[in-house]
Amino acid sequence: MSFGWTMMMRLGAWQEFRKFALNQRKNVEARIARINHDLARIGSIRVSYGVRDPNDPYSTLTEERVGLYVTEQSSLGKLLRAYTARGGNPFDISMFLIPDSYDFVEDAEGDLRYKETQPFGGVLSPESGDAISDSLTIGLLPIWADPARKLGSKASVWDDPSTNEVGKRVIASKSWLTQEIKELRNDLEARIIKLCDLREQLLKERTEVLISCVGGLGGEEFDPDRFLADNHLANIVTFFDKAFYLLGEDGKPDFSRLRRYVDGKPKTLLDDAPTGEEKYHTL
């Protein structure tokens, strides 16, 4: 398969990948435009949550769902409308948390204060703490959906005799509704969540993957304070060109003079076969 190597490659393979990667840069602007088009088509969903202390402008948020916003005429908007029309409750699908949902705002004294825009800052993570004093809460999620939070214990409840009685009746109550549950709830819920995941992937591709490697193209600037400059394609190409070729008087790689191992070339960067037998492929 093409470009399947990682830490070990030969000169011909690098030359072909170099040409391929640099040629693909011309498509970055169109690629970003396509991502923006897909993001607009998918739309977005955001849940509004209650405030723990209405008198505190910097109060954390609760898990109480008090509102839901979705982009009109988007794919998510249409799916959510269909789901609601079939009797579904949009709040049952997901918390629709958005990572890094917080700001630092200046208070009246000029100090920066942490302010949530979604509960837990948009990220759910297990509780941490001291292994002895906090042993009852370590590893638990801070949401009410975690049963241990309501039970007050992480002990297993499956050995309780009543558990089996509950389970048998729940299974019996659902057995005749399997198809209805699938068609009227689960299938639509899965499609909504899948679109939300796709939206998140597209955002990451646009704002992280592309910008970190080819920032400066397609109207998206490279931010050296946010991304590692060594991972930018231009610097990667320069690194390997200098590794495979000796430098000229101008300090740039001289493509007519190959660097040898005695000149400091990494051992995993191989020469092409001296007989020319590797001339017409890049494996």
# chains A, B, ... in the order shown; residues from 1 in each chain; ligands from 1
>>> residues_around(residues="Ala85 in chain A", least_positions_apart="5", cutoff="10 Å", atoms="only C-alpha atoms", output="compact mmCIF listing (two decimals) with C-alpha atoms, in the first residue's frame")
# COMPACT_ATOMS: atom_id res chain seq x y z
CA LEU A 79 -34.22 14.82 12.69
CA LEU A 80 -35.04 16.36 16.05
CA LEU A 184 -39.51 5.26 17.12
>>> residues_around(residues="Thr268 in chain A", least_positions_apart="3", cutoff="12 Å", atoms="only C-alpha atoms", output="list in words")
Trp5, Thr6, Met7, Met8, Met9, Arg10, Leu11, Phe240, Ala243, Phe244, Arg260, Tyr261, Gly264, Lys265 and Asp271 of chain A
>>> atom_distance(atom1="CA of Pro126 in chain A", atom2="CA of Ile138 in chain A")
7.1 Å
>>> select_by_dssp(residues="range 52-127 of chain A", states="strand (DSSP E or B)", output="PyMOL selection string")
chain A and resi 61-70+102-106+112-116
>>> select_by_dssp(residues="range 75-105 of chain A", states="alpha helix (DSSP H)", output="PyMOL selection string")
chain A and resi 75-85
>>> write_last_selection(atoms="C-alpha atoms", output="CSV table (one decimal), in the first residue's frame")
chain,number,residue,atom,x,y,z
A,75,SER,CA,-30.2,18.0,9.2
A,76,LEU,CA,-30.1,17.9,13.0
A,77,GLY,CA,-33.1,20.2,13.2
A,78,LYS,CA,-35.2,18.0,10.9
A,79,LEU,CA,-34.2,14.8,12.7
A,80,LEU,CA,-35.0,16.4,16.0
A,81,ARG,CA,-38.4,17.5,14.7
A,82,ALA,CA,-39.2,14.0,13.5
A,83,TYR,CA,-38.1,12.5,16.8
A,84,THR,CA,-40.3,14.9,18.8
A,85,ALA,CA,-43.3,14.2,16.4
>>> residues_around(residues="range 140-157 of chain A", least_positions_apart="5", cutoff="10 Å", atoms="only C-alpha atoms", output="PyMOL selection string")
chain A and resi 62-63+119-120+124-128+135+162-163
>>> closest_residue(among="A:Arg41, A:Arg52, A:Arg185, A:Arg34", to="Pro90 in chain A", atoms="only C-alpha atoms")
A:Arg185
>>> closest_residue(among="A:Leu195, A:Leu112, A:Val166, A:Ile211", to="Ile45 in chain A", atoms="only C-alpha atoms")
A:Leu195
>>> closest_residue(among="A:Gly88, A:Pro224, A:Pro274, A:Gly110", to="Asn186 in chain A", atoms="only C-alpha atoms")
A:Gly88
>>> residues_around(residues="range 98-101 of chain A", least_positions_apart="3", cutoff="6 Å", atoms="only C-alpha atoms", output="JSON, numbers by chain")
{"A": [117, 118, 121, 122, 123]}
>>> write_last_selection(atoms="C-alpha atoms", output="PDB file, in the first residue's frame")
ATOM      1  CA  THR A 117     -21.402  27.933  30.017  1.00  0.00           C
ATOM      2  CA  GLN A 118     -22.252  24.239  30.444  1.00  0.00           C
ATOM      3  CA  GLY A 121     -17.108  22.854  31.700  1.00  0.00           C
ATOM      4  CA  GLY A 122     -18.503  20.613  28.988  1.00  0.00           C
ATOM      5  CA  VAL A 123     -16.390  17.571  29.896  1.00  0.00           C
TER       6      VAL A 123
END
>>> residues_around(residues="Arg206 in chain A", least_positions_apart="6", cutoff="9 Å", atoms="only C-alpha atoms", output="ChimeraX atom specification")
/A:31-32,35-36,220
>>> residues_around(residues="range 230-232 of chain A", least_positions_apart="3", cutoff="7 Å", atoms="only C-alpha atoms", output="short mmCIF file (atom, residue, chain, number, x, y, z; two decimals) with N, CA and C atoms, in the first residue's frame")
data_model
loop_
_atom_site.label_atom_id
_atom_site.label_comp_id
_atom_site.auth_asym_id
_atom_site.auth_seq_id
_atom_site.Cartn_x
_atom_site.Cartn_y
_atom_site.Cartn_z
N SER A 212 -2.75 22.70 11.98
CA SER A 212 -1.47 22.34 12.59
C SER A 212 -0.44 21.92 11.55
N CYS A 213 -0.88 21.41 10.39
CA CYS A 213 0.07 20.91 9.40
C CYS A 213 0.19 21.80 8.16
N VAL A 214 -0.89 22.46 7.77
CA VAL A 214 -0.82 23.31 6.57
C VAL A 214 -1.42 24.68 6.83
N ASN A 235 7.99 22.66 7.54
CA ASN A 235 9.15 22.33 8.37
C ASN A 235 9.48 20.84 8.30
N ILE A 236 8.46 19.99 8.12
CA ILE A 236 8.70 18.56 7.97
C ILE A 236 9.47 18.29 6.68
#
>>> closest_residue(among="A:Lys252, A:Lys168, A:Arg259, A:Arg86", to="Glu189 in chain A", atoms="only C-alpha atoms")
A:Arg86
>>> atom_distance(atom1="CA of Asn27 in chain A", atom2="CA of Gln73 in chain A")
29.0 Å
>>> decode(residues="range 110-207 of chain A", atoms="C-alpha atoms", output="PDB file, in the first residue's frame")
ATOM      1  CA  GLY A 110     -10.728  43.383  37.927  1.00  0.00           C
ATOM      2  CA  ASP A 111      -9.996  39.780  38.872  1.00  0.00           C
ATOM      3  CA  LEU A 112     -10.506  36.931  36.423  1.00  0.00           C
ATOM      4  CA  ARG A 113     -13.261  34.534  37.463  1.00  0.00           C
ATOM      5  CA  TYR A 114     -14.118  31.101  36.071  1.00  0.00           C
ATOM      6  CA  LYS A 115     -17.569  31.035  34.456  1.00  0.00           C
ATOM      7  CA  GLU A 116     -19.214  27.877  33.100  1.00  0.00           C
ATOM      8  CA  THR A 117     -21.402  27.933  30.017  1.00  0.00           C
ATOM      9  CA  GLN A 118     -22.252  24.239  30.444  1.00  0.00           C
ATOM     10  CA  PRO A 119     -22.064  21.953  33.505  1.00  0.00           C
ATOM     11  CA  PHE A 120     -18.620  20.524  34.292  1.00  0.00           C
ATOM     12  CA  GLY A 121     -17.108  22.854  31.700  1.00  0.00           C
ATOM     13  CA  GLY A 122     -18.503  20.613  28.988  1.00  0.00           C
ATOM     14  CA  VAL A 123     -16.390  17.571  29.896  1.00  0.00           C
ATOM     15  CA  LEU A 124     -17.362  14.596  32.056  1.00  0.00           C
ATOM     16  CA  SER A 125     -14.530  12.852  33.890  1.00  0.00           C
ATOM     17  CA  PRO A 126     -14.346  10.466  36.888  1.00  0.00           C
ATOM     18  CA  GLU A 127     -13.892  11.986  40.331  1.00  0.00           C
ATOM     19  CA  SER A 128     -10.358  12.025  41.708  1.00  0.00           C
ATOM     20  CA  GLY A 129      -9.023  12.599  45.197  1.00  0.00           C
ATOM     21  CA  ASP A 130      -7.140  11.066  48.085  1.00  0.00           C
ATOM     22  CA  ALA A 131      -7.298   7.254  47.964  1.00  0.00           C
ATOM     23  CA  ILE A 132      -8.227   7.032  51.658  1.00  0.00           C
ATOM     24  CA  SER A 133     -10.402  10.027  52.549  1.00  0.00           C
ATOM     25  CA  ASP A 134     -12.217  10.089  49.208  1.00  0.00           C
ATOM     26  CA  SER A 135     -12.413   6.345  48.592  1.00  0.00           C
ATOM     27  CA  LEU A 136     -16.224   6.435  48.273  1.00  0.00           C
ATOM     28  CA  THR A 137     -16.217   8.979  45.439  1.00  0.00           C
ATOM     29  CA  ILE A 138     -13.030   8.239  43.457  1.00  0.00           C
ATOM     30  CA  GLY A 139     -13.846   6.968  39.992  1.00  0.00           C
ATOM     31  CA  LEU A 140     -17.479   8.077  40.057  1.00  0.00           C
ATOM     32  CA  LEU A 141     -18.940  10.376  37.439  1.00  0.00           C
ATOM     33  CA  PRO A 142     -20.291  13.623  38.939  1.00  0.00           C
ATOM     34  CA  ILE A 143     -23.681  13.245  37.214  1.00  0.00           C
ATOM     35  CA  TRP A 144     -26.923  11.897  38.675  1.00  0.00           C
ATOM     36  CA  ALA A 145     -27.042   9.211  35.982  1.00  0.00           C
ATOM     37  CA  ASP A 146     -24.272   7.377  37.866  1.00  0.00           C
ATOM     38  CA  PRO A 147     -26.261   5.008  40.201  1.00  0.00           C
ATOM     39  CA  ALA A 148     -23.560   5.071  42.876  1.00  0.00           C
ATOM     40  CA  ARG A 149     -24.247   8.770  43.439  1.00  0.00           C
ATOM     41  CA  LYS A 150     -27.843   8.001  44.456  1.00  0.00           C
ATOM     42  CA  LEU A 151     -27.050   4.776  46.281  1.00  0.00           C
ATOM     43  CA  GLY A 152     -24.247   6.398  48.247  1.00  0.00           C
ATOM     44  CA  SER A 153     -22.011   3.404  47.628  1.00  0.00           C
ATOM     45  CA  LYS A 154     -19.936   1.781  44.907  1.00  0.00           C
ATOM     46  CA  ALA A 155     -20.784  -1.690  46.205  1.00  0.00           C
ATOM     47  CA  SER A 156     -22.337  -4.115  43.740  1.00  0.00           C
ATOM     48  CA  VAL A 157     -26.132  -4.465  43.921  1.00  0.00           C
ATOM     49  CA  TRP A 158     -26.403  -7.420  41.550  1.00  0.00           C
ATOM     50  CA  ASP A 159     -26.323 -10.003  44.343  1.00  0.00           C
ATOM     51  CA  ASP A 160     -29.427  -8.540  45.954  1.00  0.00           C
ATOM     52  CA  PRO A 161     -32.382 -10.993  45.510  1.00  0.00           C
ATOM     53  CA  SER A 162     -34.686  -8.150  44.454  1.00  0.00           C
ATOM     54  CA  THR A 163     -32.471  -7.378  41.477  1.00  0.00           C
ATOM     55  CA  ASN A 164     -33.541 -10.532  39.654  1.00  0.00           C
ATOM     56  CA  GLU A 165     -37.214  -9.778  40.288  1.00  0.00           C
ATOM     57  CA  VAL A 166     -36.812  -6.302  38.823  1.00  0.00           C
ATOM     58  CA  GLY A 167     -34.896  -7.591  35.813  1.00  0.00           C
ATOM     59  CA  LYS A 168     -37.448 -10.237  34.876  1.00  0.00           C
ATOM     60  CA  ARG A 169     -40.277  -7.728  34.849  1.00  0.00           C
ATOM     61  CA  VAL A 170     -38.346  -5.108  32.892  1.00  0.00           C
ATOM     62  CA  ILE A 171     -37.472  -7.658  30.191  1.00  0.00           C
ATOM     63  CA  ALA A 172     -41.097  -8.801  30.012  1.00  0.00           C
ATOM     64  CA  SER A 173     -42.374  -5.230  29.705  1.00  0.00           C
ATOM     65  CA  LYS A 174     -40.058  -4.502  26.760  1.00  0.00           C
ATOM     66  CA  SER A 175     -40.256  -7.810  24.894  1.00  0.00           C
ATOM     67  CA  TRP A 176     -43.384  -6.928  22.886  1.00  0.00           C
ATOM     68  CA  LEU A 177     -42.098  -3.403  22.045  1.00  0.00           C
ATOM     69  CA  THR A 178     -38.708  -4.284  20.586  1.00  0.00           C
ATOM     70  CA  GLN A 179     -39.501  -3.074  17.074  1.00  0.00           C
ATOM     71  CA  GLU A 180     -41.304   0.065  18.257  1.00  0.00           C
ATOM     72  CA  ILE A 181     -38.442   1.050  20.555  1.00  0.00           C
ATOM     73  CA  LYS A 182     -35.985   0.554  17.700  1.00  0.00           C
ATOM     74  CA  GLU A 183     -37.946   2.457  15.037  1.00  0.00           C
ATOM     75  CA  LEU A 184     -39.506   5.257  17.115  1.00  0.00           C
ATOM     76  CA  ARG A 185     -36.624   5.980  19.470  1.00  0.00           C
ATOM     77  CA  ASN A 186     -33.285   4.209  19.124  1.00  0.00           C
ATOM     78  CA  ASP A 187     -32.763   4.538  15.360  1.00  0.00           C
ATOM     79  CA  LEU A 188     -33.447   8.286  15.344  1.00  0.00           C
ATOM     80  CA  GLU A 189     -31.397   8.829  18.495  1.00  0.00           C
ATOM     81  CA  ALA A 190     -28.460   6.993  16.912  1.00  0.00           C
ATOM     82  CA  ARG A 191     -28.684   9.132  13.755  1.00  0.00           C
ATOM     83  CA  ILE A 192     -28.766  12.362  15.786  1.00  0.00           C
ATOM     84  CA  ILE A 193     -25.755  11.321  17.890  1.00  0.00           C
ATOM     85  CA  LYS A 194     -23.885  10.170  14.771  1.00  0.00           C
ATOM     86  CA  LEU A 195     -24.402  13.571  13.135  1.00  0.00           C
ATOM     87  CA  CYS A 196     -23.194  15.327  16.305  1.00  0.00           C
ATOM     88  CA  ASP A 197     -20.071  13.121  16.297  1.00  0.00           C
ATOM     89  CA  LEU A 198     -19.497  13.905  12.607  1.00  0.00           C
ATOM     90  CA  ARG A 199     -19.799  17.616  13.327  1.00  0.00           C
ATOM     91  CA  GLU A 200     -17.197  17.299  16.096  1.00  0.00           C
ATOM     92  CA  GLN A 201     -14.837  15.407  13.773  1.00  0.00           C
ATOM     93  CA  LEU A 202     -15.207  18.037  11.034  1.00  0.00           C
ATOM     94  CA  LEU A 203     -14.527  20.843  13.499  1.00  0.00           C
ATOM     95  CA  LYS A 204     -11.402  19.060  14.725  1.00  0.00           C
ATOM     96  CA  GLU A 205     -10.236  18.482  11.156  1.00  0.00           C
ATOM     97  CA  ARG A 206     -10.684  22.164  10.293  1.00  0.00           C
ATOM     98  CA  THR A 207      -9.408  23.803  13.471  1.00  0.00           C
TER      99      THR A 207
END
